[in-house]
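J.: So that we are looking at the same thing, I have put the structure below in structure tokens.
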Amino acid sequence: MRLLRRTLLGARPRMVLLFVTPTLLAIALDFAMRAPSLFVFPPREWLNYLGSSLASAGLWGGPLWITTRQWRSRRRRAARAGLAAFWLLFVLPLATFGLGGQILYYRVFHYYMGRDTVRLGIKLRGTLGAWLSSWGGSFALMVGIGLVASVVIMAAARRAALPARRAGLYLPIAGFLAASTCFWFDFVESRSLQAAPPDTCFFHGVMHALRDSITGKGWVRRGISLREPDPLPPLPVPEHRPNILLIVTESVRADAICSAPSSGCKARFLDTAVPERLSLGKLTTQSSGTFSACVMLWTGLAPDADFRTMHHAAVLWEIAKKLGYRTAYIGSQNLRYDDFGAFLERAGIDVEASAIDLGYAPDPHIGANDENATARMASFVHDEPAGTPYFAVLHLSNTHWPYRVAEDLQPFTPHDASPVGDNMAMHNHYLNSVLMQERTVADMLKQIRALPGWDDTVVVFLSDHGEQFREHGGLYHLSSLFEEQVRVPGFLVAGDHAIGDAQKSALATWARRRTYSQDVHATLLDLLGVLDERPGMPFADQLTGRSLLRPATPDEPMVLMSTASGVWEPDDAKFGVMKGEMLAVRSAPGPWWCFDLRTDPFERMPKTSMPGCGPLMELGTLKFAPLWK
């Protein structure tokens with residue numbers, strides 16, 4: 001036994017633990033960052049955590065153990081060069097990203113870089129670099145942490161090198177191969193609860209990206225592709241065809257802008273430009289990501305629709321085109337991101353312009369200047385011949401992080417765009433960005449109101465999703481279905497002849513009711529005059545939205561919500577069902593949680609069950625199970 005121990009572990013077995021110093025540092029860092037979350041892990045996840053820690057030990061310890069033998073090599077110059085290369089190419093980068101980078105990433109997102117995060121970062125390439133460079137001194141701190149950690153790691157390994165010198169290399173080689181196998185075949189959990197130390201989450205992402213590049217298998221996922229629309233049935237052309245302008249903004253949450261004037265809510269620019277605007281109710285997007293939210297708005301489908309359905313369903317432009325409308329999509333959005341623009345290729349759009357066409361788009365997150373998009377839209381509306389109605393979508397972008405602001409309009413102070421700085425300052429910076437966009441939209445609406453066709457024009461305004469500012473720990477969007485990410489502003493304003501008094505009165509009945517993305521789609525069909533023709537359209541059984549131009553009924557529907565859909569697969573998908581103020585939500589591997597927003601408006605008290613939540617959980621399991629298998 002003593003001989004076996006000496007053969008495997010050397011003269012002083014305890015010293016071998018120094019080779020796994022990086023793993024011990026990562027575990028200590030993890031407990032410092034998220035101890036409360038770790039302590040509520042179920043037993044199964046603790047087993048995952050133990051296995052992930054062992055995988056970390058194998059991936060770090062094996063190379064360190066083997067390489068540090070070079071310290072006693074007789075070829076000192078070659079040994080030193082090899083050790084320097086190992087330190088620069090292996091230890092320093094992994095310590096920088098796996099330890100220092102994870103500290104910053106968790107500070108921003110309340111989540112570690114994992115399998116899909118690394119994949120997305122590689123896909124974005126320059127965008128990721130721009131994001132990291134925006135951290136400024138914090139990025140330097142990340143590198144500094146990696147540098148210090150790598151020096152500590154190499155010093156510990158060197159101390160263990162001599163006692164372990166007489167041991168064989170069976171254990172480090174076996175440990176490294178076992179760890180590599182675990183990472184290669186996805187035996188590490190770095191997507192949902194992340195039952196793994198931070199370095200392991202990063203290793204998993206790198207290894208998975210390497211596997212994808214070799215096999216190509218992992219890159220086959222849900223996403224945007226060219227549509228193959230199913231044919232529409234014959235549609236009767238209505239006698240009245242108002243002009244319709246749909247404005248979709250980016251990342252604007254409901255409390256950042258006033259959907260309708262009231263004593264407690266003022267909009268500095270919209271109250272002057274469109275004081276008569278009417279709220280679209282308590283508008284709630286059914287996804288907190290742009291791709292899914294927009295596709296649901298354009299097709300009327302729910303987030304459980306699969307890839308094929310979303311790419312074969314009719315979009316609003318096609319329907320309008322069939323009714324004799326001129327159609328347009330003009331947006332400051334970057335449609336080259338993840339092939340987003342491919343979805344519009346066969347959509348029946350007469351006039352199309354996006355960030356690449358509008359010019360000056362230095363940041364791929366925020367696209368071209370919104371003023372360029374609104375000016376182009378105002379020009380389109382102005383040039384349309386009298387007697388030909390138009391259906392146009394204006395898609396804004398500048399309120400996406402890093403939140404473009406105007407030099408002359410920054411009333412919210414102090415403000416700072418840094419995601420690792422003061423949260424209030426970042427929120428103020430965001431509010432300044434939203435205010436600048438409000439001014440831009442108000443200026444365009446004033447121009448359109450001055451045109452002869454305004455009397456027969458309807459404008460519908462909403463946001464694709466909201467934005468989180470640490471209400472539930474993280475920042476940005478596409479990470480939850482909580483109110484800050486799904487409650488959005490929405491209003492309608494119309495000329496005197498565009499809609500009747502009965503429709504305006506009906507819209508008022510929705511003021512205190514939950515309304516959803518699919519309801520806005522149904523409302524637009526109603527404006528086009530073909531809502532009653534919906535039963536004959538492709539996938540009609542899935543078009544369940546309610547027109548907000550028709551009186552609200554007492555019953556509340558159960559509505560599907562998700563961060564995932566047939567066109568988007570996020571890092572850690574969340575699935576939900578909402579009915580009125582009751583929400584059931586879960587991630588794929590976790591349990592359902594219930595929230596009653598009447599008694600818990602900030603969604604701080606999740607329960608595994610409560611009266612009225614059972615049917616929501618049953619429907620969610622039925623509809624979403626294919627997505628999380």
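Chain labels run A, B, ... following the order of the structure tokens; each chain numbers its residues from 1, and ligands are numbered from 1 in the order shown.
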Mind checking which residues fall within 12 Å of Gly421 in chain A, counting only C-alpha atoms, ignoring those fewer than 3 positions away in the same chain, and posting them as a list in words?
T.: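 Here the answer would be Leu104, Arg107, Val108, Ser134, Trp135, Gly136, Gly137, Ser138, Pro414, His415, Asp416, Ala417, Ser418, Met424, Ala425, Met426, His427, His429, Phe469 and Leu475 of chain A.
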J.: Please save all heavy atoms of the selected residues as a short mmCIF file (atom, residue, chain, number, x, y, z; two decimals), in the first residue's frame.
T.:
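Done, and the output landed in again.cif:
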```cif
data_model
loop_
_atom_site.label_atom_id
_atom_site.label_comp_id
_atom_site.auth_asym_id
_atom_site.auth_seq_id
_atom_site.Cartn_x
_atom_site.Cartn_y
_atom_site.Cartn_z
N LEU A 104 -16.38 39.55 -12.77
CA LEU A 104 -17.04 40.67 -13.44
C LEU A 104 -18.35 40.24 -14.10
O LEU A 104 -19.35 40.95 -14.03
CB LEU A 104 -16.11 41.28 -14.48
CG LEU A 104 -14.85 41.97 -13.94
CD1 LEU A 104 -14.11 42.65 -15.06
CD2 LEU A 104 -15.20 42.97 -12.85
N ARG A 107 -20.98 39.82 -11.58
CA ARG A 107 -21.38 41.13 -11.06
C ARG A 107 -22.42 41.79 -11.96
O ARG A 107 -23.35 42.45 -11.49
CB ARG A 107 -20.15 42.03 -10.94
CG ARG A 107 -20.43 43.49 -10.55
CD ARG A 107 -20.83 43.60 -9.10
NE ARG A 107 -21.05 44.99 -8.72
CZ ARG A 107 -22.18 45.65 -8.88
NH1 ARG A 107 -23.22 45.05 -9.45
NH2 ARG A 107 -22.30 46.91 -8.50
N VAL A 108 -22.30 41.58 -13.26
CA VAL A 108 -23.22 42.19 -14.22
C VAL A 108 -24.50 41.37 -14.38
O VAL A 108 -25.61 41.89 -14.29
CB VAL A 108 -22.53 42.36 -15.59
CG1 VAL A 108 -23.52 42.87 -16.63
CG2 VAL A 108 -21.35 43.32 -15.47
N SER A 134 -15.63 48.23 -22.95
CA SER A 134 -16.44 49.27 -22.30
C SER A 134 -16.35 49.20 -20.79
O SER A 134 -16.76 50.11 -20.10
CB SER A 134 -17.91 49.13 -22.73
OG SER A 134 -18.50 47.99 -22.14
N TRP A 135 -15.81 48.08 -20.27
CA TRP A 135 -15.66 47.98 -18.82
C TRP A 135 -14.53 48.86 -18.30
O TRP A 135 -14.42 49.10 -17.10
CB TRP A 135 -15.37 46.52 -18.44
CG TRP A 135 -16.53 45.62 -18.62
CD1 TRP A 135 -17.74 45.94 -19.13
CD2 TRP A 135 -16.59 44.22 -18.32
NE1 TRP A 135 -18.56 44.84 -19.17
CE2 TRP A 135 -17.87 43.76 -18.67
CE3 TRP A 135 -15.68 43.32 -17.81
CZ2 TRP A 135 -18.27 42.46 -18.51
CZ3 TRP A 135 -16.07 42.01 -17.64
CH2 TRP A 135 -17.35 41.58 -17.99
N GLY A 136 -13.65 49.31 -19.19
CA GLY A 136 -12.59 50.21 -18.79
C GLY A 136 -11.71 49.62 -17.71
O GLY A 136 -11.10 48.56 -17.86
N GLY A 137 -11.62 50.33 -16.58
CA GLY A 137 -10.78 49.89 -15.47
C GLY A 137 -11.17 48.54 -14.93
O GLY A 137 -10.32 47.79 -14.41
N SER A 138 -12.45 48.18 -15.04
CA SER A 138 -12.89 46.87 -14.56
C SER A 138 -12.29 45.75 -15.40
O SER A 138 -11.96 44.68 -14.88
CB SER A 138 -14.41 46.79 -14.59
OG SER A 138 -14.97 47.76 -13.74
N PRO A 414 -26.74 61.20 -10.98
CA PRO A 414 -25.58 60.93 -11.84
C PRO A 414 -25.88 59.78 -12.79
O PRO A 414 -26.72 58.94 -12.51
CB PRO A 414 -24.51 60.53 -10.83
CG PRO A 414 -25.28 59.91 -9.70
CD PRO A 414 -26.55 60.71 -9.60
N HIS A 415 -25.21 59.74 -13.91
CA HIS A 415 -25.45 58.65 -14.84
C HIS A 415 -24.14 58.12 -15.39
O HIS A 415 -23.16 58.84 -15.55
CB HIS A 415 -26.38 59.10 -15.98
CG HIS A 415 -25.81 60.18 -16.85
ND1 HIS A 415 -25.15 59.91 -18.02
CD2 HIS A 415 -25.80 61.52 -16.72
CE1 HIS A 415 -24.76 61.05 -18.59
NE2 HIS A 415 -25.14 62.04 -17.82
N ASP A 416 -24.14 56.81 -15.67
CA ASP A 416 -22.93 56.12 -16.11
C ASP A 416 -23.36 54.84 -16.82
O ASP A 416 -24.21 54.10 -16.32
CB ASP A 416 -22.06 55.78 -14.90
CG ASP A 416 -20.73 55.15 -15.29
OD1 ASP A 416 -20.50 54.93 -16.49
OD2 ASP A 416 -19.93 54.86 -14.39
N ALA A 417 -22.79 54.58 -17.99
CA ALA A 417 -23.17 53.40 -18.77
C ALA A 417 -22.51 52.13 -18.28
O ALA A 417 -22.86 51.04 -18.75
CB ALA A 417 -22.81 53.61 -20.24
N SER A 418 -21.58 52.21 -17.35
CA SER A 418 -20.82 51.03 -16.95
C SER A 418 -21.69 50.01 -16.23
O SER A 418 -22.36 50.34 -15.24
CB SER A 418 -19.67 51.43 -16.03
OG SER A 418 -19.04 50.28 -15.50
N MET A 424 -27.69 52.68 -9.71
CA MET A 424 -28.57 53.83 -9.91
C MET A 424 -28.06 54.71 -11.04
O MET A 424 -28.84 55.23 -11.85
CB MET A 424 -28.67 54.64 -8.62
CG MET A 424 -29.64 55.82 -8.72
SD MET A 424 -29.67 56.86 -7.25
CE MET A 424 -28.10 57.71 -7.41
N ALA A 425 -26.74 54.88 -11.11
CA ALA A 425 -26.18 55.70 -12.19
C ALA A 425 -26.43 55.07 -13.55
O ALA A 425 -26.74 55.77 -14.52
CB ALA A 425 -24.68 55.89 -11.95
N MET A 426 -26.32 53.75 -13.63
CA MET A 426 -26.60 53.07 -14.89
C MET A 426 -28.08 53.20 -15.26
O MET A 426 -28.42 53.42 -16.42
CB MET A 426 -26.20 51.61 -14.80
CG MET A 426 -26.30 50.87 -16.13
SD MET A 426 -25.85 49.14 -15.99
CE MET A 426 -26.05 48.61 -17.69
N HIS A 427 -28.95 53.07 -14.28
CA HIS A 427 -30.38 53.23 -14.53
C HIS A 427 -30.68 54.65 -15.01
O HIS A 427 -31.50 54.85 -15.92
CB HIS A 427 -31.17 52.91 -13.27
CG HIS A 427 -32.63 52.73 -13.50
ND1 HIS A 427 -33.55 52.60 -12.50
CD2 HIS A 427 -33.36 52.65 -14.66
CE1 HIS A 427 -34.77 52.48 -13.01
NE2 HIS A 427 -34.67 52.49 -14.32
N HIS A 429 -28.66 56.58 -16.64
CA HIS A 429 -28.16 56.66 -18.02
C HIS A 429 -29.20 56.07 -18.98
O HIS A 429 -29.47 56.64 -20.05
CB HIS A 429 -26.84 55.90 -18.13
CG HIS A 429 -26.13 56.10 -19.43
ND1 HIS A 429 -25.38 57.21 -19.70
CD2 HIS A 429 -26.06 55.32 -20.55
CE1 HIS A 429 -24.87 57.12 -20.92
NE2 HIS A 429 -25.28 55.98 -21.45
N PHE A 469 -32.71 46.04 -13.87
CA PHE A 469 -31.66 46.77 -13.17
C PHE A 469 -31.53 46.22 -11.76
O PHE A 469 -31.80 46.89 -10.77
CB PHE A 469 -31.94 48.27 -13.18
CG PHE A 469 -31.75 48.89 -14.55
CD1 PHE A 469 -32.83 49.02 -15.42
CD2 PHE A 469 -30.50 49.29 -14.98
CE1 PHE A 469 -32.66 49.55 -16.68
CE2 PHE A 469 -30.32 49.82 -16.25
CZ PHE A 469 -31.40 49.96 -17.10
N LEU A 475 -28.69 42.19 -14.73
CA LEU A 475 -28.93 43.34 -15.59
C LEU A 475 -29.46 42.88 -16.94
O LEU A 475 -29.45 41.70 -17.27
CB LEU A 475 -27.63 44.12 -15.81
CG LEU A 475 -27.04 44.86 -14.61
CD1 LEU A 475 -25.67 45.44 -14.97
CD2 LEU A 475 -27.96 45.98 -14.14
#
```
J.: Could you give me, as CSV, a per-residue list for range 437-521 of chain A showing, wherever an atom lies at most 12 Å from an atom of range 275-298 of chain A, the closest pair of atoms and their distance in Å to one decimal, using only C-alpha atoms and sorting by chain then residue number from low to high?
T.:
```
residue,atom,partner,partner_atom,distance
A:Ala442,CA,A:Pro275,CA,10.6
A:Leu445,CA,A:Pro275,CA,11.4
A:Lys446,CA,A:Pro275,CA,11.4
A:Val458,CA,A:Arg277,CA,10.4
A:Val459,CA,A:Arg277,CA,9.2
A:Val460,CA,A:Leu280,CA,8.9
A:Phe461,CA,A:Leu280,CA,9.0
A:Leu462,CA,A:Leu283,CA,8.4
A:Ser463,CA,A:Thr285,CA,8.2
A:Asp464,CA,A:Ala293,CA,5.7
A:His465,CA,A:Ser288,CA,5.0
A:Gly466,CA,A:Ser288,CA,6.8
A:Glu467,CA,A:Ser288,CA,8.3
A:Gln468,CA,A:Ser288,CA,10.1
A:Tyr476,CA,A:Ser288,CA,9.7
A:His477,CA,A:Ser288,CA,6.0
A:Leu478,CA,A:Ser288,CA,4.7
A:Ser479,CA,A:Ser288,CA,7.4
A:Ser480,CA,A:Ser288,CA,7.1
A:Leu481,CA,A:Ser288,CA,6.7
A:Phe482,CA,A:Ser288,CA,9.0
A:Glu483,CA,A:Thr284,CA,8.2
A:Glu484,CA,A:Ser288,CA,9.5
A:Gln485,CA,A:Ser288,CA,5.7
A:Val486,CA,A:Thr285,CA,5.0
A:Arg487,CA,A:Thr284,CA,4.6
A:Val488,CA,A:Leu283,CA,5.7
A:Pro489,CA,A:Leu283,CA,6.5
A:Gly490,CA,A:Leu280,CA,5.2
A:Phe491,CA,A:Ser279,CA,4.3
A:Leu492,CA,A:Leu278,CA,5.2
A:Val493,CA,A:Arg277,CA,4.5
A:Ala494,CA,A:Arg277,CA,7.7
A:Gly495,CA,A:Glu276,CA,10.0
A:Asp496,CA,A:Glu276,CA,11.0
A:Gln503,CA,A:Leu278,CA,11.2
A:Lys504,CA,A:Leu278,CA,8.0
A:Ser505,CA,A:Leu278,CA,10.0
A:Ala506,CA,A:Leu280,CA,10.7
A:Leu507,CA,A:Leu280,CA,7.1
A:Ala508,CA,A:Leu278,CA,7.4
A:Thr509,CA,A:Gly281,CA,8.4
A:Trp510,CA,A:Gly281,CA,5.0
A:Ala511,CA,A:Gly281,CA,4.1
A:Arg512,CA,A:Gly281,CA,5.7
A:Arg513,CA,A:Gly281,CA,5.6
A:Arg514,CA,A:Lys282,CA,4.7
A:Thr515,CA,A:Leu283,CA,4.7
A:Tyr516,CA,A:Thr284,CA,4.8
A:Ser517,CA,A:Thr285,CA,5.2
A:Gln518,CA,A:Leu297,CA,6.2
A:Asp519,CA,A:Leu297,CA,8.6
A:Val520,CA,A:Leu297,CA,7.0
A:His521,CA,A:Leu297,CA,5.5
```
J.: Within range 246-400 of chain A, find each residue whose DSSP state, derived from the backbone, is helix (DSSP H, G or I), and express the selection as a PyMOL selection string.
T.: chain A and resi 254-256+270-273+290-299+307-312+316-322+337-344+355-358+370-383
J.: Grab the residues selected above and save them as a PDB file, in the first residue's frame with C-alpha atoms.
T.:
```pdb
ATOM      1  CA  ALA A 254     -43.277  50.099 -18.713  1.00  0.00           C
ATOM      2  CA  ASP A 255     -42.179  52.467 -15.937  1.00  0.00           C
ATOM      3  CA  ALA A 256     -39.693  54.287 -18.195  1.00  0.00           C
ATOM      4  CA  LEU A 270     -45.211  62.705 -26.053  1.00  0.00           C
ATOM      5  CA  ASP A 271     -47.707  64.671 -23.957  1.00  0.00           C
ATOM      6  CA  THR A 272     -47.183  67.571 -26.348  1.00  0.00           C
ATOM      7  CA  ALA A 273     -47.051  65.597 -29.587  1.00  0.00           C
ATOM      8  CA  THR A 290     -36.030  40.720 -29.257  1.00  0.00           C
ATOM      9  CA  PHE A 291     -36.132  37.838 -31.748  1.00  0.00           C
ATOM     10  CA  SER A 292     -38.910  35.903 -30.062  1.00  0.00           C
ATOM     11  CA  ALA A 293     -40.927  38.986 -29.094  1.00  0.00           C
ATOM     12  CA  CYS A 294     -40.841  40.434 -32.607  1.00  0.00           C
ATOM     13  CA  VAL A 295     -41.645  37.175 -34.368  1.00  0.00           C
ATOM     14  CA  MET A 296     -44.627  36.630 -32.050  1.00  0.00           C
ATOM     15  CA  LEU A 297     -45.809  40.178 -32.723  1.00  0.00           C
ATOM     16  CA  TRP A 298     -45.484  39.752 -36.492  1.00  0.00           C
ATOM     17  CA  THR A 299     -47.011  36.260 -36.702  1.00  0.00           C
ATOM     18  CA  PHE A 307     -39.154  26.393 -35.839  1.00  0.00           C
ATOM     19  CA  ARG A 308     -41.191  25.230 -38.801  1.00  0.00           C
ATOM     20  CA  THR A 309     -44.404  26.893 -37.685  1.00  0.00           C
ATOM     21  CA  MET A 310     -42.746  30.230 -37.064  1.00  0.00           C
ATOM     22  CA  HIS A 311     -41.145  30.147 -40.499  1.00  0.00           C
ATOM     23  CA  HIS A 312     -44.319  29.104 -42.346  1.00  0.00           C
ATOM     24  CA  LEU A 316     -48.404  41.227 -40.967  1.00  0.00           C
ATOM     25  CA  TRP A 317     -46.744  42.668 -44.083  1.00  0.00           C
ATOM     26  CA  GLU A 318     -47.960  39.758 -46.224  1.00  0.00           C
ATOM     27  CA  ILE A 319     -51.513  40.198 -45.041  1.00  0.00           C
ATOM     28  CA  ALA A 320     -51.391  43.955 -45.615  1.00  0.00           C
ATOM     29  CA  LYS A 321     -49.858  43.447 -49.064  1.00  0.00           C
ATOM     30  CA  LYS A 322     -52.687  41.099 -50.016  1.00  0.00           C
ATOM     31  CA  TYR A 337     -27.025  40.005 -36.023  1.00  0.00           C
ATOM     32  CA  ASP A 338     -27.625  36.238 -36.037  1.00  0.00           C
ATOM     33  CA  ASP A 339     -29.342  36.533 -39.444  1.00  0.00           C
ATOM     34  CA  PHE A 340     -32.294  38.443 -38.004  1.00  0.00           C
ATOM     35  CA  GLY A 341     -32.909  40.077 -41.378  1.00  0.00           C
ATOM     36  CA  ALA A 342     -33.448  36.701 -43.049  1.00  0.00           C
ATOM     37  CA  PHE A 343     -36.885  36.542 -41.451  1.00  0.00           C
ATOM     38  CA  LEU A 344     -37.954  39.609 -43.455  1.00  0.00           C
ATOM     39  CA  ALA A 355     -28.905  49.933 -39.751  1.00  0.00           C
ATOM     40  CA  ILE A 356     -26.579  49.039 -42.619  1.00  0.00           C
ATOM     41  CA  ASP A 357     -28.658  51.172 -45.005  1.00  0.00           C
ATOM     42  CA  LEU A 358     -29.186  54.148 -42.701  1.00  0.00           C
ATOM     43  CA  ASP A 370     -32.840  56.342 -34.323  1.00  0.00           C
ATOM     44  CA  GLU A 371     -33.124  59.825 -35.837  1.00  0.00           C
ATOM     45  CA  ASN A 372     -31.997  58.371 -39.173  1.00  0.00           C
ATOM     46  CA  ALA A 373     -34.735  55.746 -38.977  1.00  0.00           C
ATOM     47  CA  THR A 374     -37.484  58.203 -38.024  1.00  0.00           C
ATOM     48  CA  ALA A 375     -36.406  60.620 -40.766  1.00  0.00           C
ATOM     49  CA  ARG A 376     -36.522  57.785 -43.295  1.00  0.00           C
ATOM     50  CA  MET A 377     -39.973  56.760 -42.070  1.00  0.00           C
ATOM     51  CA  ALA A 378     -41.273  60.328 -42.217  1.00  0.00           C
ATOM     52  CA  SER A 379     -39.988  60.506 -45.790  1.00  0.00           C
ATOM     53  CA  PHE A 380     -41.732  57.245 -46.700  1.00  0.00           C
ATOM     54  CA  VAL A 381     -45.051  58.475 -45.255  1.00  0.00           C
ATOM     55  CA  HIS A 382     -44.706  61.843 -46.978  1.00  0.00           C
ATOM     56  CA  ASP A 383     -44.012  60.283 -50.386  1.00  0.00           C
TER      57      ASP A 383
END
```
J.: Calculated over only C-alpha atoms, which of the candidates A:Thr249, A:Ser225, A:Thr523, A:Asn369 has the smallest distance to Trp568 in chain A?
T.: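 Once distances to Trp568 in chain A are computed over only C-alpha atoms, the minimum belongs to A:Ser225.
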J.: As a list in words, please: the residues near range 177-188 of chain A (cut-off 6 Å, only C-alpha atoms, same-chain neighbours under 4 positions excluded).
T.: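 Everything that qualifies: Ser52, Ala55, Gly58, Leu59 and His204 of chain A.
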J.: Between A:Arg439, A:Arg404, A:Arg80, A:His497, which one has atoms that come closest to Arg241 in chain A, using only C-alpha atoms?
T.: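 When distances to Arg241 in chain A are compared using only C-alpha atoms, the smallest one comes from A:His497.
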J.: One decimal, in Å: what's the spacing between CA of Pro233 in chain A and CA of Leu301 in chain A?
T.: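 Going from CA of Pro233 in chain A over to CA of Leu301 in chain A, I get 17.9 Å.
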J.: Applying 7 Å and only C-alpha atoms, which residues near Pro303 in chain A remain after dropping the ones on its own chain fewer than 4 positions away? List them as JSON, numbers by chain.
T.: {"A": [560, 561, 562, 564, 565]}
J.: Keeping only C-alpha atoms, write the selected residues to a file as a PDB file, in the first residue's frame.
T.:
```
ATOM      1  CA  LEU A 560     -47.754  31.237 -22.627  1.00  0.00           C
ATOM      2  CA  MET A 561     -44.492  33.080 -22.020  1.00  0.00           C
ATOM      3  CA  SER A 562     -40.886  32.048 -22.560  1.00  0.00           C
ATOM      4  CA  ALA A 564     -37.032  30.518 -25.712  1.00  0.00           C
ATOM      5  CA  SER A 565     -38.987  30.003 -28.909  1.00  0.00           C
TER       6      SER A 565
END
```
J.: By how many Å are CA of Val237 in chain A and CA of Glu533 in chain A apart?
T.: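 Separation of CA of Val237 in chain A and CA of Glu533 in chain A: 11.0 Å.
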J.: Could you check the closest approach to Glu239 in chain A for each of A:Gly473, A:Asp572, A:Leu528, A:Arg598 and tell me which residue wins, using only C-alpha atoms?
T.: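 Once distances to Glu239 in chain A are computed over only C-alpha atoms, the minimum belongs to A:Leu528.
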J.: So, with only C-alpha atoms as the atoms that count, which of A:Ala625, A:Met537, A:Leu245, A:Ala209 lies closest to Lys574 in chain A?
T.: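 Closest residue, counting only C-alpha atoms: A:Ala625.
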J.: Env of range 612-623 of chain A: 7 Å cut, atoms = only C-alpha atoms, seq-sep filter 4 positions within chain, self excluded. Answer as an mmCIF file with N, CA and C atoms, in the first residue's frame.
T.:
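To be explicit, this is the file written out as selection_29.cif:
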```cif
data_model
loop_
_atom_site.group_PDB
_atom_site.id
_atom_site.type_symbol
_atom_site.label_atom_id
_atom_site.label_comp_id
_atom_site.auth_asym_id
_atom_site.auth_seq_id
_atom_site.Cartn_x
_atom_site.Cartn_y
_atom_site.Cartn_z
ATOM 1 N N ASP A 304 -44.480 28.746 -27.814
ATOM 2 C CA ASP A 304 -44.308 27.295 -27.939
ATOM 3 C C ASP A 304 -44.312 26.845 -29.395
ATOM 4 N N MET A 558 -55.229 31.927 -20.131
ATOM 5 C CA MET A 558 -53.899 31.475 -19.729
ATOM 6 C C MET A 558 -52.967 31.686 -20.924
ATOM 7 N N GLY A 576 -43.032 30.114 -18.847
ATOM 8 C CA GLY A 576 -44.046 30.616 -17.939
ATOM 9 C C GLY A 576 -45.438 30.571 -18.537
ATOM 10 N N VAL A 577 -46.413 30.656 -17.645
ATOM 11 C CA VAL A 577 -47.824 30.796 -18.027
ATOM 12 C C VAL A 577 -48.413 31.861 -17.115
ATOM 13 N N ALA A 584 -46.911 31.453 -13.282
ATOM 14 C CA ALA A 584 -46.153 30.229 -12.999
ATOM 15 C C ALA A 584 -44.944 30.232 -13.912
ATOM 16 N N TRP A 592 -41.644 24.225 -10.912
ATOM 17 C CA TRP A 592 -42.488 25.384 -11.157
ATOM 18 C C TRP A 592 -42.534 26.244 -9.894
ATOM 19 N N CYS A 594 -44.689 29.706 -8.320
ATOM 20 C CA CYS A 594 -45.895 30.511 -8.517
ATOM 21 C C CYS A 594 -45.737 31.871 -7.846
#
```
